[in-house]
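Shown here: entry_0.pdb, PDB, C-alpha atoms, pLDDT in the B column.
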```
ATOM      1  CA  MET S   1      35.812  -0.461  25.263  1.00 86.00           C
ATOM      2  CA  THR S   2      36.472   0.336  21.618  1.00 93.00           C
ATOM      3  CA  GLN S   3      40.017  -0.158  20.342  1.00 97.00           C
ATOM      4  CA  VAL S   4      42.115  -0.058  17.175  1.00 97.00           C
ATOM      5  CA  ALA S   5      44.911  -2.471  16.239  1.00 96.00           C
ATOM      6  CA  LEU S   6      47.343  -2.227  13.331  1.00 96.00           C
ATOM      7  CA  LEU S   7      47.392  -5.782  11.936  1.00 96.00           C
ATOM      8  CA  GLU S   8      49.584  -5.360   8.905  1.00 94.00           C
ATOM      9  CA  ALA S   9      51.693  -2.540   7.499  1.00 95.00           C
ATOM     10  CA  SER S  10      53.242  -3.709   4.245  1.00 95.00           C
ATOM     11  CA  GLU S  11      54.539  -1.830   1.233  1.00 95.00           C
ATOM     12  CA  ALA S  12      51.302  -2.641  -0.580  1.00 96.00           C
ATOM     13  CA  TYR S  13      48.598  -1.919   1.992  1.00 97.00           C
ATOM     14  CA  THR S  14      47.576  -1.202   5.564  1.00 97.00           C
ATOM     15  CA  HIS S  15      45.264  -3.487   7.532  1.00 97.00           C
ATOM     16  CA  VAL S  16      43.684  -2.111  10.701  1.00 98.00           C
ATOM     17  CA  ALA S  17      41.051  -3.683  12.923  1.00 98.00           C
ATOM     18  CA  VAL S  18      38.511  -2.032  15.191  1.00 98.00           C
ATOM     19  CA  GLN S  19      37.045  -3.876  18.170  1.00 97.00           C
ATOM     20  CA  GLY S  20      33.970  -2.870  20.163  1.00 97.00           C
ATOM     21  CA  ARG S  21      31.143  -0.500  19.359  1.00 97.00           C
ATOM     22  CA  LEU S  22      31.184   2.429  16.953  1.00 97.00           C
ATOM     23  CA  ASP S  23      28.668   4.498  18.873  1.00 95.00           C
ATOM     24  CA  ALA S  24      29.430   8.051  20.044  1.00 94.00           C
ATOM     25  CA  ALA S  25      31.682   6.804  22.855  1.00 95.00           C
ATOM     26  CA  GLY S  26      33.481   4.382  20.542  1.00 96.00           C
ATOM     27  CA  VAL S  27      34.106   7.004  17.884  1.00 96.00           C
ATOM     28  CA  GLU S  28      35.427   9.409  20.528  1.00 95.00           C
ATOM     29  CA  ALA S  29      37.835   6.656  21.631  1.00 95.00           C
ATOM     30  CA  VAL S  30      39.242   5.564  18.261  1.00 97.00           C
ATOM     31  CA  ASP S  31      38.771   8.356  15.722  1.00 96.00           C
ATOM     32  CA  PHE S  32      42.161  10.042  16.179  1.00 96.00           C
ATOM     33  CA  THR S  33      44.194   6.811  16.344  1.00 96.00           C
ATOM     34  CA  LEU S  34      42.423   5.155  13.423  1.00 97.00           C
ATOM     35  CA  THR S  35      42.626   8.218  11.193  1.00 96.00           C
ATOM     36  CA  SER S  36      46.281   8.874  12.068  1.00 95.00           C
ATOM     37  CA  GLN S  37      47.370   5.282  11.461  1.00 94.00           C
ATOM     38  CA  ILE S  38      45.678   5.149   8.083  1.00 96.00           C
ATOM     39  CA  GLU S  39      46.630   8.576   6.783  1.00 92.00           C
ATOM     40  CA  ALA S  40      50.219   8.506   8.049  1.00 93.00           C
ATOM     41  CA  ARG S  41      50.925   5.328   6.084  1.00 94.00           C
ATOM     42  CA  GLY S  42      49.342   6.563   2.866  1.00 94.00           C
ATOM     43  CA  LYS S  43      48.532   3.089   1.475  1.00 96.00           C
ATOM     44  CA  PRO S  44      45.309   1.416   0.322  1.00 97.00           C
ATOM     45  CA  THR S  45      43.664   0.309   3.564  1.00 98.00           C
ATOM     46  CA  VAL S  46      41.511  -2.523   4.812  1.00 98.00           C
ATOM     47  CA  ILE S  47      39.455  -1.420   7.820  1.00 98.00           C
ATOM     48  CA  ASP S  48      38.355  -4.603   9.527  1.00 98.00           C
ATOM     49  CA  LEU S  49      35.128  -4.196  11.520  1.00 98.00           C
ATOM     50  CA  SER S  50      34.724  -7.937  12.193  1.00 96.00           C
ATOM     51  CA  GLY S  51      35.092  -7.202  15.900  1.00 97.00           C
ATOM     52  CA  VAL S  52      32.522  -4.392  15.825  1.00 98.00           C
ATOM     53  CA  ASP S  53      29.030  -5.338  16.969  1.00 96.00           C
ATOM     54  CA  PHE S  54      27.328  -1.953  16.632  1.00 97.00           C
ATOM     55  CA  ILE S  55      27.687   1.069  14.349  1.00 97.00           C
ATOM     56  CA  ALA S  56      25.611   4.248  14.341  1.00 95.00           C
ATOM     57  CA  SER S  57      25.672   7.430  12.248  1.00 94.00           C
ATOM     58  CA  LEU S  58      28.785   8.874  13.926  1.00 93.00           C
ATOM     59  CA  GLY S  59      30.720   5.685  13.124  1.00 95.00           C
ATOM     60  CA  ILE S  60      29.534   5.803   9.527  1.00 94.00           C
ATOM     61  CA  ALA S  61      30.500   9.489   9.325  1.00 93.00           C
ATOM     62  CA  MET S  62      34.009   8.617  10.529  1.00 95.00           C
ATOM     63  CA  LEU S  63      34.404   5.996   7.778  1.00 95.00           C
ATOM     64  CA  VAL S  64      33.041   8.388   5.163  1.00 93.00           C
ATOM     65  CA  ARG S  65      35.467  11.099   6.219  1.00 94.00           C
ATOM     66  CA  ILE S  66      38.435   8.716   6.089  1.00 95.00           C
ATOM     67  CA  ALA S  67      37.347   7.424   2.656  1.00 95.00           C
ATOM     68  CA  ARG S  68      37.054  10.977   1.311  1.00 93.00           C
ATOM     69  CA  ASP S  69      40.411  12.070   2.737  1.00 94.00           C
ATOM     70  CA  MET S  70      42.078   9.003   1.235  1.00 95.00           C
ATOM     71  CA  ARG S  71      40.416   9.578  -2.112  1.00 94.00           C
ATOM     72  CA  GLU S  72      41.827  13.106  -2.221  1.00 94.00           C
ATOM     73  CA  ASN S  73      45.249  11.444  -2.156  1.00 93.00           C
ATOM     74  CA  GLY S  74      44.328   8.904  -4.825  1.00 95.00           C
ATOM     75  CA  LEU S  75      43.869   6.073  -2.305  1.00 96.00           C
ATOM     76  CA  ARG S  76      40.982   3.830  -1.354  1.00 96.00           C
ATOM     77  CA  ILE S  77      39.698   1.948   1.669  1.00 97.00           C
ATOM     78  CA  ALA S  78      37.681  -1.263   1.863  1.00 98.00           C
ATOM     79  CA  VAL S  79      35.656  -2.259   4.908  1.00 98.00           C
ATOM     80  CA  VAL S  80      35.350  -5.814   6.208  1.00 98.00           C
ATOM     81  CA  ALA S  81      32.054  -6.249   8.046  1.00 96.00           C
ATOM     82  CA  ALA S  82      31.554  -9.860   9.057  1.00 93.00           C
ATOM     83  CA  ASN S  83      28.985  -8.999  11.740  1.00 95.00           C
ATOM     84  CA  GLN S  84      25.611  -9.204   9.974  1.00 95.00           C
ATOM     85  CA  PRO S  85      23.768  -6.362  11.766  1.00 96.00           C
ATOM     86  CA  VAL S  86      26.744  -4.032  11.209  1.00 97.00           C
ATOM     87  CA  ARG S  87      26.988  -5.038   7.565  1.00 96.00           C
ATOM     88  CA  GLY S  88      23.241  -4.534   7.264  1.00 95.00           C
ATOM     89  CA  VAL S  89      23.551  -0.956   8.527  1.00 95.00           C
ATOM     90  CA  LEU S  90      26.356  -0.150   6.057  1.00 95.00           C
ATOM     91  CA  GLU S  91      24.357  -1.659   3.189  1.00 93.00           C
ATOM     92  CA  MET S  92      21.228   0.193   4.298  1.00 91.00           C
ATOM     93  CA  MET S  93      23.156   3.464   4.190  1.00 90.00           C
ATOM     94  CA  LYS S  94      24.466   2.678   0.679  1.00 89.00           C
ATOM     95  CA  MET S  95      28.163   3.112   1.357  1.00 91.00           C
ATOM     96  CA  GLU S  96      29.284   1.217  -1.757  1.00 89.00           C
ATOM     97  CA  PRO S  97      29.971   4.284  -3.924  1.00 89.00           C
ATOM     98  CA  LEU S  98      32.455   5.480  -1.292  1.00 92.00           C
ATOM     99  CA  PHE S  99      33.984   2.162  -0.229  1.00 96.00           C
ATOM    100  CA  PRO S 100      33.311  -1.537  -0.771  1.00 97.00           C
ATOM    101  CA  VAL S 101      31.814  -3.466   2.160  1.00 97.00           C
ATOM    102  CA  VAL S 102      32.912  -7.108   2.086  1.00 97.00           C
ATOM    103  CA  GLY S 103      33.063 -10.173   4.317  1.00 96.00           C
ATOM    104  CA  THR S 104      36.772 -11.048   4.449  1.00 96.00           C
ATOM    105  CA  ARG S 105      40.233  -9.494   4.253  1.00 96.00           C
ATOM    106  CA  ASP S 106      40.954 -11.308   0.961  1.00 96.00           C
ATOM    107  CA  GLU S 107      37.811  -9.889  -0.626  1.00 97.00           C
ATOM    108  CA  ALA S 108      38.848  -6.453   0.598  1.00 97.00           C
ATOM    109  CA  LEU S 109      42.310  -6.774  -0.960  1.00 97.00           C
ATOM    110  CA  ARG S 110      40.757  -7.885  -4.239  1.00 97.00           C
ATOM    111  CA  ALA S 111      38.415  -4.882  -4.145  1.00 97.00           C
ATOM    112  CA  LEU S 112      41.414  -2.601  -3.602  1.00 97.00           C
ATOM    113  CA  GLY S 113      43.335  -4.235  -6.436  1.00 95.00           C
ATOM    114  CA  VAL S 114      46.157  -5.311  -4.109  1.00 94.00           C
ATOM    115  CA  PRO S 115      47.896  -8.447  -5.464  1.00 83.00           C
TER     116      PRO S 115
ATOM    117  CA  MET B   1      16.059   6.709  43.879  1.00 47.00           C
ATOM    118  CA  SER B   2      15.211   6.925  40.176  1.00 63.00           C
ATOM    119  CA  ASP B   3      13.310   4.253  38.280  1.00 73.00           C
ATOM    120  CA  PRO B   4      15.624   1.772  36.544  1.00 70.00           C
ATOM    121  CA  TRP B   5      13.755   2.202  33.252  1.00 91.00           C
ATOM    122  CA  VAL B   6      14.136   6.003  33.099  1.00 94.00           C
ATOM    123  CA  TRP B   7      17.398   7.693  32.067  1.00 96.00           C
ATOM    124  CA  ARG B   8      18.093  11.414  32.266  1.00 96.00           C
ATOM    125  CA  LEU B   9      20.903  12.626  30.000  1.00 96.00           C
ATOM    126  CA  GLU B  10      22.431  16.082  30.215  1.00 95.00           C
ATOM    127  CA  SER B  11      25.038  16.172  27.464  1.00 90.00           C
ATOM    128  CA  ALA B  12      25.981  14.624  24.140  1.00 87.00           C
ATOM    129  CA  ASP B  13      29.031  12.963  25.711  1.00 89.00           C
ATOM    130  CA  GLY B  14      29.375   9.401  24.542  1.00 88.00           C
ATOM    131  CA  ALA B  15      30.099   7.780  27.914  1.00 91.00           C
ATOM    132  CA  PRO B  16      26.807   8.574  29.729  1.00 93.00           C
ATOM    133  CA  LEU B  17      24.843   7.706  26.605  1.00 94.00           C
ATOM    134  CA  ARG B  18      26.606   4.359  26.379  1.00 94.00           C
ATOM    135  CA  ARG B  19      25.884   3.666  30.068  1.00 94.00           C
ATOM    136  CA  ALA B  20      22.200   4.412  29.465  1.00 95.00           C
ATOM    137  CA  SER B  21      22.159   2.240  26.324  1.00 95.00           C
ATOM    138  CA  ASP B  22      23.846  -0.611  28.192  1.00 95.00           C
ATOM    139  CA  ALA B  23      21.304  -0.385  31.010  1.00 95.00           C
ATOM    140  CA  LEU B  24      18.447  -0.285  28.497  1.00 96.00           C
ATOM    141  CA  ASP B  25      19.911  -3.302  26.704  1.00 96.00           C
ATOM    142  CA  ALA B  26      20.125  -5.250  29.973  1.00 95.00           C
ATOM    143  CA  LEU B  27      16.472  -4.485  30.756  1.00 94.00           C
ATOM    144  CA  LEU B  28      15.373  -5.562  27.265  1.00 95.00           C
ATOM    145  CA  ALA B  29      17.351  -8.791  27.612  1.00 95.00           C
ATOM    146  CA  GLU B  30      15.674  -9.399  30.990  1.00 93.00           C
ATOM    147  CA  ARG B  31      12.280  -8.941  29.308  1.00 91.00           C
ATOM    148  CA  GLY B  32      13.238 -11.520  26.681  1.00 93.00           C
ATOM    149  CA  LEU B  33      13.392  -9.218  23.658  1.00 94.00           C
ATOM    150  CA  SER B  34      15.255 -10.477  20.593  1.00 94.00           C
ATOM    151  CA  ASP B  35      18.759  -9.468  19.536  1.00 95.00           C
ATOM    152  CA  ALA B  36      17.205  -7.535  16.636  1.00 94.00           C
ATOM    153  CA  SER B  37      14.995  -5.580  19.005  1.00 95.00           C
ATOM    154  CA  ARG B  38      17.906  -4.810  21.296  1.00 96.00           C
ATOM    155  CA  PHE B  39      20.067  -3.680  18.344  1.00 97.00           C
ATOM    156  CA  ALA B  40      17.204  -1.431  17.217  1.00 97.00           C
ATOM    157  CA  ALA B  41      16.835   0.045  20.722  1.00 97.00           C
ATOM    158  CA  ARG B  42      20.536   0.871  20.882  1.00 97.00           C
ATOM    159  CA  MET B  43      20.424   2.470  17.427  1.00 97.00           C
ATOM    160  CA  ILE B  44      17.292   4.522  18.095  1.00 97.00           C
ATOM    161  CA  SER B  45      18.453   5.765  21.505  1.00 96.00           C
ATOM    162  CA  GLU B  46      21.858   6.758  20.142  1.00 96.00           C
ATOM    163  CA  GLU B  47      20.427   8.663  17.184  1.00 95.00           C
ATOM    164  CA  VAL B  48      17.499  10.343  18.934  1.00 96.00           C
ATOM    165  CA  VAL B  49      19.538  11.497  21.934  1.00 96.00           C
ATOM    166  CA  LEU B  50      22.463  12.810  19.869  1.00 94.00           C
ATOM    167  CA  ASN B  51      20.077  14.550  17.480  1.00 92.00           C
ATOM    168  CA  ALA B  52      18.345  16.322  20.370  1.00 94.00           C
ATOM    169  CA  PHE B  53      21.617  17.571  21.862  1.00 94.00           C
ATOM    170  CA  GLU B  54      23.625  18.266  18.722  1.00 89.00           C
ATOM    171  CA  HIS B  55      20.966  19.738  16.472  1.00 86.00           C
ATOM    172  CA  GLY B  56      18.085  20.621  18.793  1.00 90.00           C
ATOM    173  CA  LYS B  57      20.458  22.157  21.384  1.00 93.00           C
ATOM    174  CA  ALA B  58      18.560  20.368  24.151  1.00 96.00           C
ATOM    175  CA  ARG B  59      19.860  20.659  27.723  1.00 96.00           C
ATOM    176  CA  THR B  60      18.132  17.500  28.920  1.00 97.00           C
ATOM    177  CA  VAL B  61      16.821  14.337  27.291  1.00 97.00           C
ATOM    178  CA  VAL B  62      14.779  11.840  29.293  1.00 97.00           C
ATOM    179  CA  MET B  63      14.531   8.343  27.852  1.00 97.00           C
ATOM    180  CA  GLU B  64      12.016   5.878  29.255  1.00 96.00           C
ATOM    181  CA  LEU B  65      11.253   2.256  28.501  1.00 95.00           C
ATOM    182  CA  ASN B  66       7.520   1.631  28.632  1.00 91.00           C
ATOM    183  CA  PRO B  67       5.554  -1.613  28.383  1.00 87.00           C
ATOM    184  CA  GLU B  68       4.925  -3.306  25.053  1.00 87.00           C
ATOM    185  CA  ARG B  69       8.275  -2.412  23.492  1.00 91.00           C
ATOM    186  CA  ARG B  70       7.656   1.330  23.566  1.00 94.00           C
ATOM    187  CA  LEU B  71      10.580   3.657  24.095  1.00 96.00           C
ATOM    188  CA  SER B  72       9.910   7.351  24.728  1.00 97.00           C
ATOM    189  CA  PHE B  73      12.116  10.444  24.612  1.00 98.00           C
ATOM    190  CA  VAL B  74      11.353  13.907  25.985  1.00 98.00           C
ATOM    191  CA  ASP B  75      13.739  16.783  25.317  1.00 98.00           C
ATOM    192  CA  ASP B  76      13.730  20.541  25.848  1.00 97.00           C
ATOM    193  CA  GLY B  77      15.412  21.372  22.539  1.00 96.00           C
ATOM    194  CA  SER B  78      14.015  23.288  19.575  1.00 94.00           C
ATOM    195  CA  PRO B  79      10.838  21.873  18.019  1.00 93.00           C
ATOM    196  CA  PHE B  80      11.568  18.957  15.748  1.00 91.00           C
ATOM    197  CA  ASP B  81       9.117  16.394  14.396  1.00 92.00           C
ATOM    198  CA  PRO B  82      11.005  13.414  12.923  1.00 91.00           C
ATOM    199  CA  THR B  83       7.759  12.025  11.499  1.00 90.00           C
ATOM    200  CA  ALA B  84       7.193  15.111   9.305  1.00 87.00           C
ATOM    201  CA  GLY B  85       9.722  14.452   6.561  1.00 72.00           C
ATOM    202  CA  PRO B  86      13.194  15.899   6.046  1.00 65.00           C
ATOM    203  CA  PRO B  87      14.302  18.288   8.807  1.00 64.00           C
ATOM    204  CA  SER B  88      15.006  21.956   8.314  1.00 63.00           C
ATOM    205  CA  LEU B  89      18.744  22.102   7.958  1.00 59.00           C
ATOM    206  CA  SER B  90      19.202  25.831   7.586  1.00 62.00           C
ATOM    207  CA  ASP B  91      21.153  26.035  10.847  1.00 59.00           C
ATOM    208  CA  ALA B  92      23.594  23.253   9.926  1.00 58.00           C
ATOM    209  CA  ARG B  93      27.275  24.233  10.018  1.00 61.00           C
ATOM    210  CA  ASP B  94      28.231  22.413   6.809  1.00 66.00           C
ATOM    211  CA  ALA B  95      27.300  19.661   4.357  1.00 70.00           C
ATOM    212  CA  ASP B  96      28.779  16.963   6.594  1.00 71.00           C
ATOM    213  CA  GLU B  97      26.488  17.980   9.454  1.00 68.00           C
ATOM    214  CA  VAL B  98      23.524  17.828   7.070  1.00 70.00           C
ATOM    215  CA  ARG B  99      24.499  14.331   5.906  1.00 76.00           C
ATOM    216  CA  LEU B 100      25.076  13.165   9.478  1.00 77.00           C
ATOM    217  CA  ARG B 101      21.665  14.346  10.616  1.00 79.00           C
ATOM    218  CA  ILE B 102      19.855  12.839   7.645  1.00 84.00           C
ATOM    219  CA  ARG B 103      21.700   9.526   8.105  1.00 87.00           C
ATOM    220  CA  GLY B 104      20.766   9.428  11.796  1.00 90.00           C
ATOM    221  CA  LEU B 105      17.107  10.054  11.033  1.00 91.00           C
ATOM    222  CA  GLN B 106      17.103   7.414   8.310  1.00 91.00           C
ATOM    223  CA  LEU B 107      18.425   4.903  10.830  1.00 94.00           C
ATOM    224  CA  VAL B 108      15.687   5.777  13.339  1.00 95.00           C
ATOM    225  CA  HIS B 109      13.027   5.294  10.659  1.00 94.00           C
ATOM    226  CA  ARG B 110      14.562   1.997   9.506  1.00 94.00           C
ATOM    227  CA  PHE B 111      14.802   0.498  12.991  1.00 95.00           C
ATOM    228  CA  ALA B 112      11.572   1.729  14.607  1.00 95.00           C
ATOM    229  CA  LEU B 113       8.269   0.039  13.848  1.00 94.00           C
ATOM    230  CA  ASN B 114       6.317   3.191  14.560  1.00 92.00           C
ATOM    231  CA  LEU B 115       7.052   6.781  15.568  1.00 95.00           C
ATOM    232  CA  GLU B 116       4.652   9.163  17.318  1.00 96.00           C
ATOM    233  CA  TYR B 117       5.530  12.798  17.938  1.00 97.00           C
ATOM    234  CA  ARG B 118       3.948  15.691  19.769  1.00 97.00           C
ATOM    235  CA  ARG B 119       5.166  19.069  21.002  1.00 97.00           C
ATOM    236  CA  GLN B 120       3.885  19.748  24.493  1.00 97.00           C
ATOM    237  CA  ASP B 121       4.980  22.134  27.278  1.00 96.00           C
ATOM    238  CA  ASP B 122       7.877  23.415  25.137  1.00 96.00           C
ATOM    239  CA  ARG B 123       9.250  19.903  24.829  1.00 98.00           C
ATOM    240  CA  ASN B 124       9.553  17.313  22.061  1.00 98.00           C
ATOM    241  CA  HIS B 125       7.848  14.036  22.942  1.00 98.00           C
ATOM    242  CA  LEU B 126       8.781  11.101  20.721  1.00 97.00           C
ATOM    243  CA  THR B 127       7.608   7.526  21.237  1.00 97.00           C
ATOM    244  CA  VAL B 128       8.862   4.642  19.120  1.00 97.00           C
ATOM    245  CA  VAL B 129       7.815   1.002  19.011  1.00 96.00           C
ATOM    246  CA  LEU B 130      10.680  -1.490  18.902  1.00 95.00           C
ATOM    247  CA  PRO B 131      10.510  -4.522  16.612  1.00 92.00           C
ATOM    248  CA  GLU B 132       9.859  -7.929  18.215  1.00 86.00           C
TER     249      GLU B 132
END
```
Let's see the structure in the file written out as structure tokens.
Amino acid sequence: MTQVALLEASEAYTHVAVQGRLDAAGVEAVDFTLTSQIEARGKPTVIDLSGVDFIASLGIAMLVRIARDMRENGLRIAVVAANQPVRGVLEMMKMEPLFPVVGTRDEALRALGVP
Amino acid sequence: MSDPWVWRLESADGAPLRRASDALDALLAERGLSDASRFAARMISEEVVLNAFEHGKARTVVMELNPERRLSFVDDGSPFDPTAGPPSLSDARDADEVRLRIRGLQLVHRFALNLEYRRQDDRNHLTVVLPE
């Protein structure tokens, strides 16, 4: 089962984690909650996919859409992908121009310019 | 009773596709295939099946695991040869749908060792070879 958890909601940033698979079923399960949590807070956001062991095109499309929506409001996201196959897919699909893909939360905060 | 290595899908809903992918993964694990091969199988099945339903407007997709790491798909959607270069996207609803379809096809090409396509009996027949 794919789930979302809000890990941190500070004045400076939002940190959310996704657990499970970002296949069609996983995206159906988390898209609304993930998008709402991020956009309602309106802060730079770390999306932690360390607990995700699979991502396909629908999962990538969800991240792209969130990144674009945030950018329209002058905000950015950074994605933590510690799982190597998942990180490999994001690198293969050249996501870097839209959002940085890093290995840890601290790297993500640095990429977002959050002190 | 149906064969355990054949899956018949009748919609793009995520839940049945995940059940089929999980069953396929279990069979591949039983046959001793590597994690990389199993990841590739999950990726290819997800992308090929969704492409057939979402873009080809298929009513049915049959996925079958064959010997020697071959995975085949037969669907009754509009003709589409994924080995023939970029797809015709004239019927796409918007730019996001175009990007989604291209991304899905790129993933299939990246994860499959080989793709063979033929159109026969008004159906698309696609066979891919999984990596070791």
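Proximity ranking of B:Asn66, B:Ser11, B:Ser34, B:Ser21 relative to Pro131 (chain B) places B:Ser34 first, based on all atoms listed in the file.
Residue-level contacts from chain B to chain S at 9 Å, counting all atoms listed in the file, read Ala12, Asp13, Gly14, Ala15, Pro16, Leu17, Arg18, Ala36, Phe39, Arg42, Met43, Glu46, Glu47, Leu50, Asp96, Arg99, Leu100, Arg101, Arg103, Gly104, Gln106, Leu107 and Arg110 of chain B.
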So that I have them on file, write out the residues from the current selection with C-alpha atoms, as a PDB file, keeping the file's coordinate frame.
```
ATOM      1  CA  ALA B  12      25.981  14.624  24.140  1.00 87.00           C
ATOM      2  CA  ASP B  13      29.031  12.963  25.711  1.00 89.00           C
ATOM      3  CA  GLY B  14      29.375   9.401  24.542  1.00 88.00           C
ATOM      4  CA  ALA B  15      30.099   7.780  27.914  1.00 91.00           C
ATOM      5  CA  PRO B  16      26.807   8.574  29.729  1.00 93.00           C
ATOM      6  CA  LEU B  17      24.843   7.706  26.605  1.00 94.00           C
ATOM      7  CA  ARG B  18      26.606   4.359  26.379  1.00 94.00           C
ATOM      8  CA  ALA B  36      17.205  -7.535  16.636  1.00 94.00           C
ATOM      9  CA  PHE B  39      20.067  -3.680  18.344  1.00 97.00           C
ATOM     10  CA  ARG B  42      20.536   0.871  20.882  1.00 97.00           C
ATOM     11  CA  MET B  43      20.424   2.470  17.427  1.00 97.00           C
ATOM     12  CA  GLU B  46      21.858   6.758  20.142  1.00 96.00           C
ATOM     13  CA  GLU B  47      20.427   8.663  17.184  1.00 95.00           C
ATOM     14  CA  LEU B  50      22.463  12.810  19.869  1.00 94.00           C
ATOM     15  CA  ASP B  96      28.779  16.963   6.594  1.00 71.00           C
ATOM     16  CA  ARG B  99      24.499  14.331   5.906  1.00 76.00           C
ATOM     17  CA  LEU B 100      25.076  13.165   9.478  1.00 77.00           C
ATOM     18  CA  ARG B 101      21.665  14.346  10.616  1.00 79.00           C
ATOM     19  CA  ARG B 103      21.700   9.526   8.105  1.00 87.00           C
ATOM     20  CA  GLY B 104      20.766   9.428  11.796  1.00 90.00           C
ATOM     21  CA  GLN B 106      17.103   7.414   8.310  1.00 91.00           C
ATOM     22  CA  LEU B 107      18.425   4.903  10.830  1.00 94.00           C
ATOM     23  CA  ARG B 110      14.562   1.997   9.506  1.00 94.00           C
TER      24      ARG B 110
END
```
Any chance you could work out the residue set of the PyMOL selection byres ((chain S and resi 74-76) around 7) here, as a PyMOL selection string?
-> chain S and resi 43-45+67+70-73+77-78+112
Residue contacts of Asn114 (chain B) (12 Å, only C-alpha atoms) excluding same-chain residues fewer than 3 positions away, as a ChimeraX atom specification = /B:44,69-72,82-83,108-111,117,126-131
How would the residues just picked look written out with C-alpha atoms as a CSV table (one decimal), keeping the file's coordinate frame?
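What ended up in result_14.csv:
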```
chain,number,residue,atom,x,y,z
B,44,ILE,CA,17.3,4.5,18.1
B,69,ARG,CA,8.3,-2.4,23.5
B,70,ARG,CA,7.7,1.3,23.6
B,71,LEU,CA,10.6,3.7,24.1
B,72,SER,CA,9.9,7.4,24.7
B,82,PRO,CA,11.0,13.4,12.9
B,83,THR,CA,7.8,12.0,11.5
B,108,VAL,CA,15.7,5.8,13.3
B,109,HIS,CA,13.0,5.3,10.7
B,110,ARG,CA,14.6,2.0,9.5
B,111,PHE,CA,14.8,0.5,13.0
B,117,TYR,CA,5.5,12.8,17.9
B,126,LEU,CA,8.8,11.1,20.7
B,127,THR,CA,7.6,7.5,21.2
B,128,VAL,CA,8.9,4.6,19.1
B,129,VAL,CA,7.8,1.0,19.0
B,130,LEU,CA,10.7,-1.5,18.9
B,131,PRO,CA,10.5,-4.5,16.6
```
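Atom to atom, CA of Pro97 (chain S) and CA of Leu6 (chain S) stand 25.3 Å apart.
Rounded to one decimal, CA of Phe80 (chain B) and CA of Ile102 (chain B) lie 13.1 Å from each other.
Atom pair CA of Leu65 (chain B) / CA of Gly20 (chain S): separated by 24.7 Å.
Remark: for Gln84 (chain S), the closest of the candidate residues B:Asp75, B:Glu68, B:Asp35, B:Asp122 is B:Asp35 (distances computed over all atoms listed in the file).
Once the PyMOL selection byres ((chain S and resi 81) around 6) is applied to the shown structure, the selection contains Leu49, Ser50, Val80, Ala82, Asn83, Arg87 and Gly103 of chain S.
Put simply, the PyMOL selection byres ((chain S and resi 17) around 7) on this file hits S:Val4, S:Ala5, S:Leu6, S:Leu7, S:His15, S:Val16, S:Val18, S:Gln19, S:Ile47, S:Asp48, S:Leu49.
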How would the residues just chosen look if you wrote them out with C-alpha atoms as a CSV table (one decimal), in the coordinates of the input?
```csv
chain,number,residue,atom,x,y,z
S,4,VAL,CA,42.1,-0.1,17.2
S,5,ALA,CA,44.9,-2.5,16.2
S,6,LEU,CA,47.3,-2.2,13.3
S,7,LEU,CA,47.4,-5.8,11.9
S,15,HIS,CA,45.3,-3.5,7.5
S,16,VAL,CA,43.7,-2.1,10.7
S,18,VAL,CA,38.5,-2.0,15.2
S,19,GLN,CA,37.0,-3.9,18.2
S,47,ILE,CA,39.5,-1.4,7.8
S,48,ASP,CA,38.4,-4.6,9.5
S,49,LEU,CA,35.1,-4.2,11.5
```
Using only C-alpha atoms, which of S:Val102, S:Ala9, S:Leu109, S:Leu34 sits nearest Leu63 (chain S)?
-> S:Leu34
Taking the partial coordinates given, rebuild region 96-105 of chain S to contain N, CA and C atoms; return it as a PDB file, in the frame of the given file.
```
ATOM      1  N   GLU S  96      28.486   1.787  -0.659  1.00 89.00           N
ATOM      2  CA  GLU S  96      29.284   1.217  -1.757  1.00 89.00           C
ATOM      3  C   GLU S  96      29.928   2.235  -2.696  1.00 89.00           C
ATOM      4  N   PRO S  97      29.275   3.341  -3.040  1.00 89.00           N
ATOM      5  CA  PRO S  97      29.971   4.284  -3.924  1.00 89.00           C
ATOM      6  C   PRO S  97      31.240   4.873  -3.290  1.00 89.00           C
ATOM      7  N   LEU S  98      31.291   4.900  -1.972  1.00 92.00           N
ATOM      8  CA  LEU S  98      32.455   5.480  -1.292  1.00 92.00           C
ATOM      9  C   LEU S  98      33.505   4.429  -0.951  1.00 92.00           C
ATOM     10  N   PHE S  99      33.038   3.247  -0.527  1.00 96.00           N
ATOM     11  CA  PHE S  99      33.984   2.162  -0.229  1.00 96.00           C
ATOM     12  C   PHE S  99      33.240   0.829  -0.283  1.00 96.00           C
ATOM     13  N   PRO S 100      33.951  -0.222  -0.751  1.00 97.00           N
ATOM     14  CA  PRO S 100      33.311  -1.537  -0.771  1.00 97.00           C
ATOM     15  C   PRO S 100      33.147  -2.086   0.647  1.00 97.00           C
ATOM     16  N   VAL S 101      32.055  -2.807   0.871  1.00 97.00           N
ATOM     17  CA  VAL S 101      31.814  -3.466   2.160  1.00 97.00           C
ATOM     18  C   VAL S 101      31.791  -4.964   1.880  1.00 97.00           C
ATOM     19  N   VAL S 102      32.750  -5.691   2.422  1.00 97.00           N
ATOM     20  CA  VAL S 102      32.912  -7.108   2.086  1.00 97.00           C
ATOM     21  C   VAL S 102      33.002  -7.942   3.362  1.00 97.00           C
ATOM     22  N   GLY S 103      33.113  -9.279   3.158  1.00 96.00           N
ATOM     23  CA  GLY S 103      33.063 -10.173   4.317  1.00 96.00           C
ATOM     24  C   GLY S 103      34.410 -10.637   4.847  1.00 96.00           C
ATOM     25  N   THR S 104      35.465 -10.549   4.003  1.00 96.00           N
ATOM     26  CA  THR S 104      36.772 -11.048   4.449  1.00 96.00           C
ATOM     27  C   THR S 104      37.893 -10.099   4.013  1.00 96.00           C
ATOM     28  N   ARG S 105      39.065 -10.294   4.617  1.00 96.00           N
ATOM     29  CA  ARG S 105      40.233  -9.494   4.253  1.00 96.00           C
ATOM     30  C   ARG S 105      40.619  -9.729   2.791  1.00 96.00           C
TER      31      ARG S 105
END
```
